[in-house]
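Trainee: Mind looking over this structure? Questions follow.
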Amino acid sequence: MYEKKHEKLLPWPKFIVRLARSILATALVVAIALSLGILGYHVIAHLGWVDSILNASMILTGMGPVDPMKDNAAKLFASAYALFSGVVFLSAMAFMMAPVLHRIVHAFHLSEK
């Protein structure tokens with residue numbers, strides 16, 4: 001997927017395309033995870049749509065819940081969604097930053113020659 005150690009640094013236009021693809025893929029994963037949270041909070045926790053968006057967004061970004069969960073099913077969903085969100089958020093950020101970090105490290109390898 002990325003250039004090898006002995007290959008030249010990717011030209012800026014191609015790097016921007018690579019970065020844009022990474023950002024779009026990350027946005028898609030985050031949108032799917034957010035949608036799952038919104039539906040779960042709406043259906044399982046019986047929150048309104050706006051409150052569901054707020055809770056799912058706050059959990060997904062690691063800020064924490066807003067509304068208290070009133071029954072056990074809602075509490076179990078909120079717990080599972082929080083664990084899921086932590087993994088998704090960290091993985092998404094790593095995936096989005098991978099092209100930038102690779103370019104930096106690759107430039108160091110080229111300067112060693």
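In the structure tokens, the first chain shown is A, the next is B, and so on; residue numbers restart at 1 for each chain, and ligands run from 1 in the order shown.
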Find the residues around range 46-62 of chain A up to 9 Å (only C-alpha atoms counted), leave out those fewer than 4 positions away in its own chain, and share them as a count of residues only.

Mentor: 22

Trainee: Assign secondary structure with DSSP using the backbone only, and return the residues of chain A in alpha helix (DSSP H) as a PyMOL selection string.

Mentor: chain A and resi 12-43+49-60+72-111

Trainee: What's around Lys4 in chain A at 9 Å? Count only C-alpha atoms, leave out sequence neighbours fewer than 3 positions away in its own chain, and write the answer as number ranges by chain.

Mentor: A: 7-8, 106

Trainee: Can I get the selected residues back with N, CA and C atoms, as a tab-separated table (two decimals), in the first residue's frame?

Mentor:
```
chain	number	residue	atom	x	y	z
A	7	GLU	N	12.23	3.17	-2.21
A	7	GLU	CA	11.52	3.97	-3.21
A	7	GLU	C	11.52	5.45	-2.84
A	8	LYS	N	11.32	6.28	-3.86
A	8	LYS	CA	11.27	7.73	-3.65
A	8	LYS	C	10.03	8.11	-2.85
A	106	HIS	N	9.31	7.70	6.31
A	106	HIS	CA	9.94	7.41	5.02
A	106	HIS	C	10.95	8.50	4.66
```

Trainee: Find the residues around Met97 in chain A up to 12 Å (only C-alpha atoms counted), leave out those fewer than 5 positions away in its own chain, and share them as a ChimeraX atom specification.

Mentor: /A:18-23,25-26,90-92,102-104

Trainee: Name the closest residue to Tyr2 in chain A among the candidates A:Ser79, A:Phe15, A:Val43, A:Pro68; distances are taken between atoms, counting only C-alpha atoms.

Mentor: A:Phe15

Trainee: Between A:Val100, A:Ile44, A:Met93, A:Val87, which has the minimum distance to Ala73 in chain A (counting only C-alpha atoms)?

Mentor: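 Selected residue with least distance to Ala73 in chain A: A:Ile44.
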